[in-house]
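Coordinates as given in start18.cif (mmCIF, C-alpha atoms):
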data_final
#
loop_
_atom_site.label_atom_id
_atom_site.label_comp_id
_atom_site.auth_asym_id
_atom_site.auth_seq_id
_atom_site.Cartn_x
_atom_site.Cartn_y
_atom_site.Cartn_z
CA MET A 1 179.50 -80.00 -64.16
CA SER A 2 179.02 -78.02 -60.97
CA ALA A 3 181.69 -76.14 -59.10
CA ARG A 4 180.97 -78.06 -55.85
CA PRO A 5 182.56 -81.47 -56.70
CA ARG A 6 185.59 -79.68 -58.14
CA THR A 7 186.05 -77.81 -54.86
CA ALA A 8 185.63 -81.04 -52.91
CA ARG A 9 188.26 -82.76 -55.11
CA ARG A 10 190.65 -79.87 -54.61
CA ALA A 11 190.12 -80.01 -50.82
CA SER A 12 190.66 -83.75 -50.82
CA ARG A 13 193.90 -83.37 -52.83
CA ALA A 14 195.10 -80.69 -50.40
CA ARG A 15 194.40 -83.01 -47.47
CA GLY A 16 196.31 -85.80 -49.21
CA ILE A 17 199.28 -83.52 -49.81
CA SER A 18 199.18 -82.39 -46.18
CA VAL A 19 199.21 -85.98 -44.97
CA TRP A 20 202.17 -86.79 -47.24
CA LEU A 21 204.04 -83.68 -46.08
CA ILE A 22 203.49 -84.56 -42.42
CA ALA A 23 204.55 -88.17 -43.06
CA LEU A 24 207.68 -86.92 -44.85
CA LEU A 25 208.50 -84.56 -41.97
CA VAL A 26 208.02 -87.30 -39.37
CA ALA A 27 210.20 -89.68 -41.42
CA LEU A 28 212.88 -86.99 -41.71
CA VAL A 29 212.91 -86.25 -37.97
CA ALA A 30 212.93 -89.96 -37.14
CA THR A 31 215.81 -90.59 -39.56
CA VAL A 32 217.87 -87.71 -38.13
CA GLN A 33 217.21 -88.93 -34.61
CA ILE A 34 218.08 -92.56 -35.33
CA ARG A 35 221.17 -91.65 -37.36
CA SER A 36 222.57 -89.29 -34.74
CA GLU A 37 222.07 -91.88 -32.01
CA ALA A 38 223.65 -94.58 -34.16
CA GLU A 39 226.57 -92.29 -34.98
CA VAL A 40 227.22 -91.55 -31.32
CA GLU A 41 227.06 -95.22 -30.51
CA ARG A 42 229.35 -96.18 -33.37
CA SER A 43 231.98 -93.49 -32.67
CA LEU A 44 232.07 -94.20 -28.95
CA VAL A 45 232.77 -97.86 -29.48
CA GLY A 46 236.32 -98.78 -28.54
CA ILE A 47 237.63 -95.65 -26.86
CA ASP A 48 235.92 -93.30 -24.45
CA SER A 49 236.42 -89.56 -24.06
CA THR A 50 238.49 -89.92 -20.88
CA SER A 51 240.92 -92.28 -22.57
CA LEU A 52 241.13 -89.86 -25.49
CA ALA A 53 241.97 -87.03 -23.08
CA PHE A 54 244.78 -89.11 -21.57
CA LEU A 55 245.98 -89.98 -25.06
CA ILE A 56 246.09 -86.28 -25.96
CA ASP A 57 248.15 -85.58 -22.83
CA ASP A 58 250.61 -88.38 -23.68
CA LEU A 59 250.94 -87.21 -27.26
CA HIS A 60 251.60 -83.62 -26.12
CA ARG A 61 254.42 -84.86 -23.90
CA ALA A 62 255.84 -87.10 -26.63
CA ASN A 63 255.77 -84.25 -29.15
CA GLU A 64 257.55 -81.95 -26.70
CA SER A 65 260.35 -84.54 -26.37
CA LEU A 66 260.57 -84.81 -30.13
CA ASP A 67 260.77 -81.00 -30.39
CA ALA A 68 263.65 -80.98 -27.89
CA GLU A 69 265.46 -83.66 -29.92
CA LYS A 70 264.90 -81.68 -33.12
CA ALA A 71 266.29 -78.52 -31.52
CA ALA A 72 269.38 -80.43 -30.30
CA LEU A 73 269.97 -81.90 -33.75
CA VAL A 74 269.56 -78.49 -35.42
CA ARG A 75 272.21 -77.09 -33.03
CA LEU A 76 274.52 -79.99 -33.86
CA ARG A 77 274.06 -79.43 -37.58
CA ALA A 78 274.76 -75.71 -37.20
CA GLN A 79 278.00 -76.50 -35.33
CA LEU A 80 279.10 -78.85 -38.09
CA GLN A 81 278.12 -76.35 -40.78
CA SER A 82 280.10 -73.56 -39.09
CA GLY A 83 283.23 -75.20 -40.51
CA GLN A 84 285.43 -73.82 -37.70
CA SER A 85 288.63 -75.72 -37.14
CA GLY A 86 288.11 -78.40 -34.56
CA ALA A 87 284.34 -77.93 -34.51
CA ALA A 88 283.68 -81.30 -36.10
CA ASP A 89 286.09 -83.07 -33.75
CA GLN A 90 284.40 -81.47 -30.76
CA VAL A 91 280.93 -82.44 -32.00
CA LEU A 92 282.03 -86.02 -32.66
CA THR A 93 283.73 -86.35 -29.27
CA ASP A 94 280.74 -84.92 -27.39
CA GLU A 95 278.32 -87.14 -29.28
CA ALA A 96 280.48 -90.24 -28.68
CA ASN A 97 280.63 -89.46 -24.94
CA ARG A 98 276.87 -88.96 -24.83
CA LEU A 99 276.23 -92.28 -26.55
CA ARG A 100 278.73 -94.08 -24.24
CA ALA A 101 276.77 -92.77 -21.25
CA LEU A 102 273.46 -93.71 -22.88
CA GLU A 103 274.63 -97.25 -23.66
CA GLY A 104 275.96 -97.75 -20.15
CA LEU A 105 279.60 -98.00 -21.25
CA VAL A 106 280.87 -95.39 -18.79
CA PRO A 107 279.90 -94.63 -15.20
CA VAL A 108 277.48 -91.71 -14.88
CA GLN A 109 275.99 -89.55 -12.17
CA GLY A 110 273.05 -87.22 -11.78
CA PRO A 111 269.78 -86.64 -9.95
CA GLY A 112 267.51 -89.65 -9.55
CA VAL A 113 265.83 -91.98 -7.12
CA ARG A 114 267.11 -94.90 -5.12
CA ARG A 115 264.65 -97.55 -4.06
CA SER A 116 265.25 -100.50 -1.86
CA THR A 117 262.87 -103.25 -0.87
CA CYS A 118 263.15 -105.50 2.12
CA ARG A 119 261.26 -108.54 3.22
CA THR A 120 259.16 -108.22 6.37
CA ARG A 121 258.04 -111.14 8.50
CA MET B 1 179.79 -70.65 -37.36
CA THR B 2 178.15 -71.04 -33.97
CA ARG B 3 179.80 -70.06 -30.70
CA PRO B 4 180.24 -73.71 -29.47
CA HIS B 5 181.93 -74.52 -32.80
CA VAL B 6 184.37 -71.65 -32.36
CA ALA B 7 185.11 -72.73 -28.79
CA THR B 8 185.76 -76.32 -29.92
CA PHE B 9 188.10 -75.17 -32.69
CA ALA B 10 189.92 -72.88 -30.28
CA LEU B 11 190.31 -75.72 -27.79
CA ILE B 12 191.60 -78.10 -30.47
CA ALA B 13 194.00 -75.42 -31.69
CA LEU B 14 195.29 -74.85 -28.13
CA VAL B 15 195.76 -78.57 -27.49
CA ALA B 16 197.50 -78.96 -30.87
CA LEU B 17 199.76 -76.01 -30.07
CA ALA B 18 200.65 -77.41 -26.63
CA THR B 19 201.28 -80.85 -28.11
CA GLY B 20 203.47 -79.24 -30.78
CA PHE B 21 205.55 -77.41 -28.15
CA VAL B 22 205.94 -80.53 -26.03
CA LEU B 23 206.94 -82.59 -29.07
CA ALA B 24 209.40 -79.95 -30.29
CA GLY B 25 210.96 -79.72 -26.84
CA GLN B 26 211.30 -83.47 -26.60
CA ILE B 27 212.83 -83.80 -30.07
CA ARG B 28 215.27 -80.95 -29.39
CA ALA B 29 216.35 -82.44 -26.08
CA GLN B 30 216.90 -85.86 -27.62
CA LEU B 31 218.69 -84.54 -30.67
CA LEU B 32 220.87 -82.02 -28.90
CA THR B 33 222.34 -84.31 -26.28
CA PRO B 34 223.80 -86.85 -28.67
CA SER B 35 224.86 -84.18 -31.15
CA ASN B 36 226.74 -82.24 -28.42
CA GLN B 37 228.28 -85.45 -27.19
CA LEU B 38 229.25 -86.31 -30.74
CA ALA B 39 230.72 -82.86 -31.38
CA ARG B 40 232.83 -83.07 -28.21
CA TYR B 41 233.99 -86.55 -29.10
CA GLN B 42 234.79 -85.53 -32.67
CA ALA B 43 236.81 -82.55 -31.39
CA LEU B 44 238.86 -84.90 -29.21
CA VAL B 45 239.39 -87.32 -32.10
CA ARG B 46 240.46 -84.43 -34.35
CA ASN B 47 242.92 -83.29 -31.67
CA VAL B 48 244.40 -86.80 -31.44
CA GLN B 49 244.67 -87.02 -35.22
CA GLU B 50 246.44 -83.65 -35.41
CA LEU B 51 248.87 -84.61 -32.65
CA GLU B 52 249.57 -87.95 -34.35
CA ALA B 53 250.26 -86.16 -37.63
CA THR B 54 252.64 -83.75 -35.83
CA ASN B 55 254.31 -86.73 -34.16
CA ALA B 56 254.87 -88.49 -37.49
CA ASP B 57 256.14 -85.27 -39.07
CA ASP B 58 258.55 -84.62 -36.15
CA ARG B 59 259.95 -88.15 -36.41
CA ARG B 60 260.46 -87.71 -40.17
CA GLN B 61 262.31 -84.46 -39.52
CA ILE B 62 264.49 -86.09 -36.85
CA ALA B 63 265.42 -88.91 -39.24
CA SER B 64 266.23 -86.37 -41.95
CA LEU B 65 268.35 -84.23 -39.57
CA ARG B 66 270.33 -87.32 -38.50
CA VAL B 67 271.05 -88.14 -42.15
CA GLN B 68 272.21 -84.55 -42.79
CA ILE B 69 274.44 -84.60 -39.70
CA ASP B 70 275.94 -87.92 -40.78
CA GLY B 71 276.72 -86.40 -44.18
CA LEU B 72 278.40 -83.35 -42.63
CA GLU B 73 280.43 -85.59 -40.31
CA SER B 74 281.57 -87.70 -43.25
CA GLU B 75 282.68 -84.54 -45.09
CA ALA B 76 284.69 -83.46 -42.04
CA ALA B 77 286.13 -86.97 -41.64
CA ALA B 78 287.39 -86.89 -45.22
CA ARG B 79 289.59 -83.89 -44.34
CA SER B 80 291.42 -85.34 -41.33
CA ALA B 81 292.61 -88.75 -40.14
CA ALA B 82 291.85 -87.89 -36.50
CA THR B 83 288.29 -86.91 -37.38
CA GLN B 84 287.98 -90.11 -39.42
CA ALA B 85 288.94 -92.17 -36.35
CA LEU B 86 286.38 -90.31 -34.22
CA LYS B 87 283.71 -90.79 -36.87
CA SER B 88 284.44 -94.52 -36.97
CA GLN B 89 284.03 -94.82 -33.17
CA LEU B 90 280.84 -92.81 -33.32
CA SER B 91 279.43 -95.03 -36.07
CA ASP B 92 279.89 -98.10 -33.87
CA LEU B 93 278.23 -96.38 -30.92
CA ARG B 94 275.34 -95.26 -33.13
CA ALA B 95 274.85 -98.80 -34.43
CA HIS B 96 274.63 -100.11 -30.86
CA ALA B 97 272.19 -97.35 -29.91
CA GLY B 98 269.87 -98.29 -32.78
CA LEU B 99 270.49 -95.05 -34.64
CA VAL B 100 271.52 -96.84 -37.83
CA ALA B 101 269.29 -98.99 -40.07
CA MET B 102 270.52 -102.58 -40.17
CA HIS B 103 269.77 -105.91 -41.79
CA GLY B 104 270.88 -109.50 -41.40
CA PRO B 105 269.65 -112.98 -40.52
CA GLY B 106 266.96 -113.13 -37.86
CA LEU B 107 263.30 -113.74 -37.35
CA GLU B 108 259.93 -112.07 -37.34
CA ALA B 109 257.54 -112.83 -34.49
CA SER B 110 253.89 -111.94 -34.65
CA LEU B 111 251.57 -111.36 -31.69
CA ARG B 112 247.80 -111.27 -32.21
CA ASN B 113 244.84 -110.85 -29.90
CA GLY B 114 242.89 -113.90 -28.80
CA VAL B 115 239.17 -114.19 -28.22
CA PRO B 116 237.33 -112.90 -25.13
CA GLY B 117 236.57 -115.57 -22.60
CA PRO B 118 235.71 -116.03 -18.93
CA ASP B 119 238.30 -114.13 -16.95
CA THR B 120 238.52 -113.66 -13.22
CA GLY B 121 241.32 -111.10 -13.34
CA GLY B 122 239.11 -108.20 -14.42
CA LYS B 123 241.52 -107.45 -17.28
CA ALA B 124 241.04 -107.97 -20.99
CA ARG B 125 243.63 -110.76 -20.99
CA TYR B 126 242.77 -111.85 -24.50
CA LEU B 127 244.37 -108.63 -25.76
CA ILE B 128 248.08 -108.35 -26.48
CA ASN B 129 249.45 -105.65 -24.17
CA PHE B 130 252.71 -103.77 -23.84
CA GLN B 131 254.08 -106.21 -21.25
CA ASP B 132 253.73 -109.06 -23.76
CA VAL B 133 255.72 -107.11 -26.33
CA GLN B 134 258.29 -106.21 -23.69
CA ASP B 135 258.60 -109.88 -22.66
CA VAL B 136 259.21 -111.00 -26.24
CA VAL B 137 261.75 -108.21 -26.83
CA ASN B 138 263.61 -109.03 -23.59
CA LEU B 139 263.69 -112.73 -24.44
CA LEU B 140 265.04 -112.06 -27.93
CA PHE B 141 267.75 -109.69 -26.62
CA ALA B 142 268.72 -112.29 -24.02
CA GLN B 143 268.96 -114.94 -26.75
CA GLY B 144 271.19 -113.29 -29.28
CA ALA B 145 269.24 -110.43 -30.89
CA GLU B 146 271.53 -107.58 -31.95
CA GLY B 147 268.77 -105.25 -33.02
CA ILE B 148 264.98 -105.27 -32.73
CA ALA B 149 262.12 -103.26 -34.19
CA VAL B 150 258.50 -103.48 -33.07
CA ASN B 151 255.96 -102.51 -35.74
CA GLY B 152 258.72 -100.54 -37.45
CA ARG B 153 259.87 -98.77 -34.28
CA ARG B 154 263.50 -99.48 -33.43
CA ILE B 155 264.30 -100.48 -29.86
CA THR B 156 267.16 -98.59 -28.16
CA PRO B 157 268.85 -98.81 -24.76
CA LEU B 158 266.48 -96.05 -23.56
CA THR B 159 263.30 -97.57 -24.98
CA ALA B 160 260.26 -97.49 -22.71
CA PHE B 161 257.09 -99.52 -23.21
CA SER B 162 253.78 -98.31 -21.87
CA GLY B 163 250.05 -98.46 -22.60
CA SER B 164 246.76 -99.63 -21.22
CA GLU B 165 244.54 -102.57 -22.11
CA GLY B 166 245.38 -103.43 -25.71
CA GLN B 167 247.15 -100.17 -26.51
CA ILE B 168 250.93 -100.19 -26.84
CA VAL B 169 253.16 -97.12 -26.78
CA ILE B 170 256.88 -97.28 -27.49
CA ASP B 171 258.97 -94.25 -26.57
CA GLN B 172 257.46 -91.09 -28.05
CA GLY B 173 255.50 -92.90 -30.73
CA THR B 174 251.78 -93.02 -31.31
CA PRO B 175 249.81 -95.85 -29.70
CA PHE B 176 249.06 -99.00 -31.66
CA THR B 177 247.25 -102.27 -31.06
CA ALA B 178 247.79 -105.89 -32.07
CA PRO B 179 248.74 -107.40 -34.45
CA VAL B 180 252.30 -106.62 -33.39
CA LYS B 181 255.29 -107.58 -35.51
CA VAL B 182 258.63 -107.97 -33.73
CA ALA B 183 261.55 -108.10 -36.15
CA ALA B 184 264.92 -109.17 -34.74
CA VAL B 185 268.35 -109.45 -36.32
CA GLY B 186 270.88 -111.74 -34.66
CA ASP B 187 271.46 -115.38 -33.78
CA ARG B 188 268.48 -116.86 -35.57
CA ASN B 189 268.76 -120.40 -34.18
CA ARG B 190 269.04 -119.29 -30.56
CA MET B 191 266.13 -116.91 -30.90
CA GLN B 192 263.96 -119.57 -32.55
CA GLU B 193 264.81 -122.10 -29.84
CA ALA B 194 263.95 -119.56 -27.15
CA LEU B 195 260.54 -118.81 -28.70
CA ASP B 196 259.91 -122.56 -29.08
CA ASP B 197 260.76 -123.24 -25.44
CA PRO B 198 257.47 -123.99 -23.60
CA SER B 199 258.92 -122.67 -20.33
CA ALA B 200 259.66 -119.23 -21.84
CA LEU B 201 257.00 -116.49 -21.85
CA PRO B 202 254.76 -118.30 -19.31
CA ASP B 203 252.04 -115.64 -19.24
CA ILE B 204 251.62 -115.61 -23.01
CA ARG B 205 251.68 -119.45 -23.07
CA ALA B 206 248.90 -119.59 -20.47
CA ARG B 207 246.81 -117.11 -22.43
CA GLN B 208 247.42 -119.04 -25.65
CA VAL B 209 245.53 -121.91 -24.01
CA GLN B 210 242.92 -119.79 -22.24
CA PHE B 211 242.17 -117.10 -24.83
CA GLN B 212 243.84 -118.34 -28.04
CA VAL B 213 246.30 -115.44 -28.02
CA HIS B 214 248.61 -115.91 -31.01
CA LEU B 215 252.40 -115.99 -30.98
CA THR B 216 253.95 -117.14 -34.22
CA PHE B 217 257.42 -116.63 -35.66
CA GLU B 218 259.40 -117.31 -38.75
CA GLY B 219 263.13 -117.24 -39.35
CA SER B 220 264.52 -115.31 -42.28
CA PRO B 221 268.00 -115.01 -43.85
CA ASP B 222 267.58 -111.25 -44.18
CA VAL B 223 265.53 -109.08 -41.83
CA SER B 224 265.66 -105.28 -42.16
CA LEU B 225 265.35 -102.87 -39.25
CA PRO B 226 264.85 -99.10 -39.59
CA ALA B 227 266.93 -96.54 -37.69
CA TYR B 228 265.51 -95.08 -34.48
CA ASP B 229 263.65 -91.85 -35.24
CA SER B 230 262.75 -90.38 -31.85
CA SER B 231 264.37 -88.67 -28.89
CA LEU B 232 267.55 -89.94 -27.24
CA GLN B 233 268.09 -87.06 -24.85
CA ILE B 234 269.74 -87.70 -21.47
CA PRO B 235 269.76 -84.17 -20.00
CA HIS B 236 270.35 -85.20 -16.37
CA VAL B 237 273.24 -87.58 -16.91
CA SER B 238 276.89 -86.62 -16.73
CA SER B 239 279.97 -88.82 -16.85
CA THR B 240 281.77 -89.22 -13.53
#
Would you mind writing the file out in structure tokens?
Amino acid sequence: MSARPRTARRASRARGISVWLIALLVALVATVQIRSEAEVERSLVGIDSTSLAFLIDDLHRANESLDAEKAALVRLRAQLQSGQSGAADQVLTDEANRLRALEGLVPVQGPGVRRSTCRTR
Amino acid sequence: MTRPHVATFALIALVALATGFVLAGQIRAQLLTPSNQLARYQALVRNVQELEATNADDRRQIASLRVQIDGLESEAAARSAATQALKSQLSDLRAHAGLVAMHGPGLEASLRNGVPGPDTGGKARYLINFQDVQDVVNLLFAQGAEGIAVNGRRITPLTAFSGSEGQIVIDQGTPFTAPVKVAAVGDRNRMQEALDDPSALPDIRARQVQFQVHLTFEGSPDVSLPAYDSSLQIPHVSST
């Protein structure tokens, strides 16, 4: 057996491997490309970035209100825990007055807006 | 190797190199744009998820603080008759404000999106929106409801509904979409009659025909409503 056919076989095998490697690489790149495009498409379905930004703004504001409520309740709890004479009565009276105002059971005043509409011909 | 051979190989190598650069540039440009877009979008989604988690946690803390305060008030009320009387008044006011969980006879109404259809209004009218929920809540209050919760969120005298398209926001809660469950405690017969009345809720009735929007309800001898768990601050109001 001569060395020539063996060399030719080796070269042919190397070419085959190269072709497979290139095919694998192309398949990999194509898969990454298709998947990333599909992922973008899928995740953007339903809600766009602008709407998300507005949502974030709304949630920030809502959470700030909740923080203010928490702080008010912590103060109320501290007053009740202080155990000073009359503290509980004061807390209960203040809270009752606040809820009466909130439920519209007593007249209230404060800053606001007044809007009137009239019919034009 | 002859000189023309070398020149041919060099030319092929140059063309291959140029093609490689062009291809790499193209692939990078196509891959980077969506991946940047995706990263930005994912960052926004993460931000929303974090804020929603904070929101839920804050509301849990508020509910817990209200329970603790109620306990401390009860302890104080046990020591004095005057405090007991004040506590009793406050309990009534809290019940009316939706700050106390309640249960009783009532009904549960369900609102579900319809199917998209030809629409000249330019709005997604097949979707249940916040005005629909508001209409149902107003109708139920007008017809004998004593307490209402929408998807587990208790309605109070200060409750505000907002949202866009099919998103619904109640007070400081996180947005949700249909299906929406409205639970009401009160005069069950009156509320059922009102929801059965074909002249009530005209917009929803029209969209039931046009887009198959769903409004169903069922009476129940015992409906449970949770206590309100968000802010009830009125910093600008003072009694006259």
Practice task
Starting from the shown file, work through the PyMOL selection byres ((chain B) within 9 of (chain A)) and note down what comes out as a VMD selection string.
Solution key: chain B and resid 27 30 to 31 34 to 35 37 to 38 40 to 42 44 to 45 47 to 48 51 to 52 54 to 55 58 to 59 61 to 62 65 to 66 68 to 69 72 to 73 76 to 77 82 to 83 86 to 87 89 to 91 93 to 94 96 to 97 156 to 158 171 to 175 230 to 234 236 to 240
For the residues in the current selection, export C-alpha atoms as a tab-separated table (two decimals), in the coordinates of the input.
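Output saved as part06.tsv:
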chain	number	residue	atom	x	y	z
B	27	ILE	CA	212.83	-83.80	-30.07
B	30	GLN	CA	216.90	-85.86	-27.62
B	31	LEU	CA	218.69	-84.54	-30.67
B	34	PRO	CA	223.80	-86.85	-28.67
B	35	SER	CA	224.86	-84.18	-31.15
B	37	GLN	CA	228.28	-85.45	-27.19
B	38	LEU	CA	229.25	-86.31	-30.74
B	40	ARG	CA	232.83	-83.07	-28.21
B	41	TYR	CA	233.99	-86.55	-29.10
B	42	GLN	CA	234.79	-85.53	-32.67
B	44	LEU	CA	238.86	-84.90	-29.21
B	45	VAL	CA	239.39	-87.32	-32.10
B	47	ASN	CA	242.92	-83.29	-31.67
B	48	VAL	CA	244.40	-86.80	-31.44
B	51	LEU	CA	248.87	-84.61	-32.65
B	52	GLU	CA	249.57	-87.95	-34.35
B	54	THR	CA	252.64	-83.75	-35.83
B	55	ASN	CA	254.31	-86.73	-34.16
B	58	ASP	CA	258.55	-84.62	-36.15
B	59	ARG	CA	259.95	-88.15	-36.41
B	61	GLN	CA	262.31	-84.46	-39.52
B	62	ILE	CA	264.49	-86.09	-36.85
B	65	LEU	CA	268.35	-84.23	-39.57
B	66	ARG	CA	270.33	-87.32	-38.50
B	68	GLN	CA	272.21	-84.55	-42.79
B	69	ILE	CA	274.44	-84.60	-39.70
B	72	LEU	CA	278.40	-83.35	-42.63
B	73	GLU	CA	280.43	-85.59	-40.31
B	76	ALA	CA	284.69	-83.46	-42.04
B	77	ALA	CA	286.13	-86.97	-41.64
B	82	ALA	CA	291.85	-87.89	-36.50
B	83	THR	CA	288.29	-86.91	-37.38
B	86	LEU	CA	286.38	-90.31	-34.22
B	87	LYS	CA	283.71	-90.79	-36.87
B	89	GLN	CA	284.03	-94.82	-33.17
B	90	LEU	CA	280.84	-92.81	-33.32
B	91	SER	CA	279.43	-95.03	-36.07
B	93	LEU	CA	278.23	-96.38	-30.92
B	94	ARG	CA	275.34	-95.26	-33.13
B	96	HIS	CA	274.63	-100.11	-30.86
B	97	ALA	CA	272.19	-97.35	-29.91
B	156	THR	CA	267.16	-98.59	-28.16
B	157	PRO	CA	268.85	-98.81	-24.76
B	158	LEU	CA	266.48	-96.05	-23.56
B	171	ASP	CA	258.97	-94.25	-26.57
B	172	GLN	CA	257.46	-91.09	-28.05
B	173	GLY	CA	255.50	-92.90	-30.73
B	174	THR	CA	251.78	-93.02	-31.31
B	175	PRO	CA	249.81	-95.85	-29.70
B	230	SER	CA	262.75	-90.38	-31.85
B	231	SER	CA	264.37	-88.67	-28.89
B	232	LEU	CA	267.55	-89.94	-27.24
B	233	GLN	CA	268.09	-87.06	-24.85
B	234	ILE	CA	269.74	-87.70	-21.47
B	236	HIS	CA	270.35	-85.20	-16.37
B	237	VAL	CA	273.24	-87.58	-16.91
B	238	SER	CA	276.89	-86.62	-16.73
B	239	SER	CA	279.97	-88.82	-16.85
B	240	THR	CA	281.77	-89.22	-13.53
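What separates CA of Glu165 in chain B from CA of Ala124 in chain B is a distance of 6.5 Å.
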I need the output of the PyMOL selection byres ((chain B and resi 223) around 6) for this file as a PDB file with C-alpha atoms, keeping the file's coordinate frame; which residues are they?
ATOM      1  CA  HIS B 103     269.770-105.910 -41.790  1.00  0.00           C
ATOM      2  CA  GLY B 104     270.880-109.500 -41.400  1.00  0.00           C
ATOM      3  CA  PRO B 105     269.650-112.980 -40.520  1.00  0.00           C
ATOM      4  CA  GLY B 106     266.960-113.130 -37.860  1.00  0.00           C
ATOM      5  CA  ASP B 222     267.580-111.250 -44.180  1.00  0.00           C
ATOM      6  CA  SER B 224     265.660-105.280 -42.160  1.00  0.00           C
TER       7      SER B 224
END
Exercise for the section: Step by step, work through what the PyMOL selection byres ((chain B and resi 129) around 7) selects in the shown file, and finish by giving those residues as a PyMOL selection string. Expected result: chain B and resi 127-128+130-133+165-168
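Closest approach to Thr177 in chain B among B:Ala16, B:Val150, B:Ala43, B:Val22: B:Val150, based on all atoms listed in the file.
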Handout entry: Atom pair CA of Asp229 in chain B / CA of Asn113 in chain B: separation (Å)
Key = 27.3 Å
Completion exercise
Using all atoms listed in the file, the residue out of B:Leu201, B:Ala95, B:Ala160, B:Leu107 with shortest distance to Ser220 in chain B is B:Leu107
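Interatomic distance, CA of Lys181 in chain B against CA of Ser64 in chain B: 24.7 Å.
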Handout entry: Residues within 9 Å of Gly147 in chain B, all atoms listed in the file, excluding chain neighbours under 6 positions, as an MDAnalysis selection string
Key = chainID B and resid 95:96 98 102:103 141 154:156 183:186 225
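Minimum atom-to-atom distances from B:Lys123, B:Leu139, B:Tyr228, B:Ala200 to Thr159 in chain B were compared using all atoms listed in the file, and the lowest value belongs to B:Tyr228.
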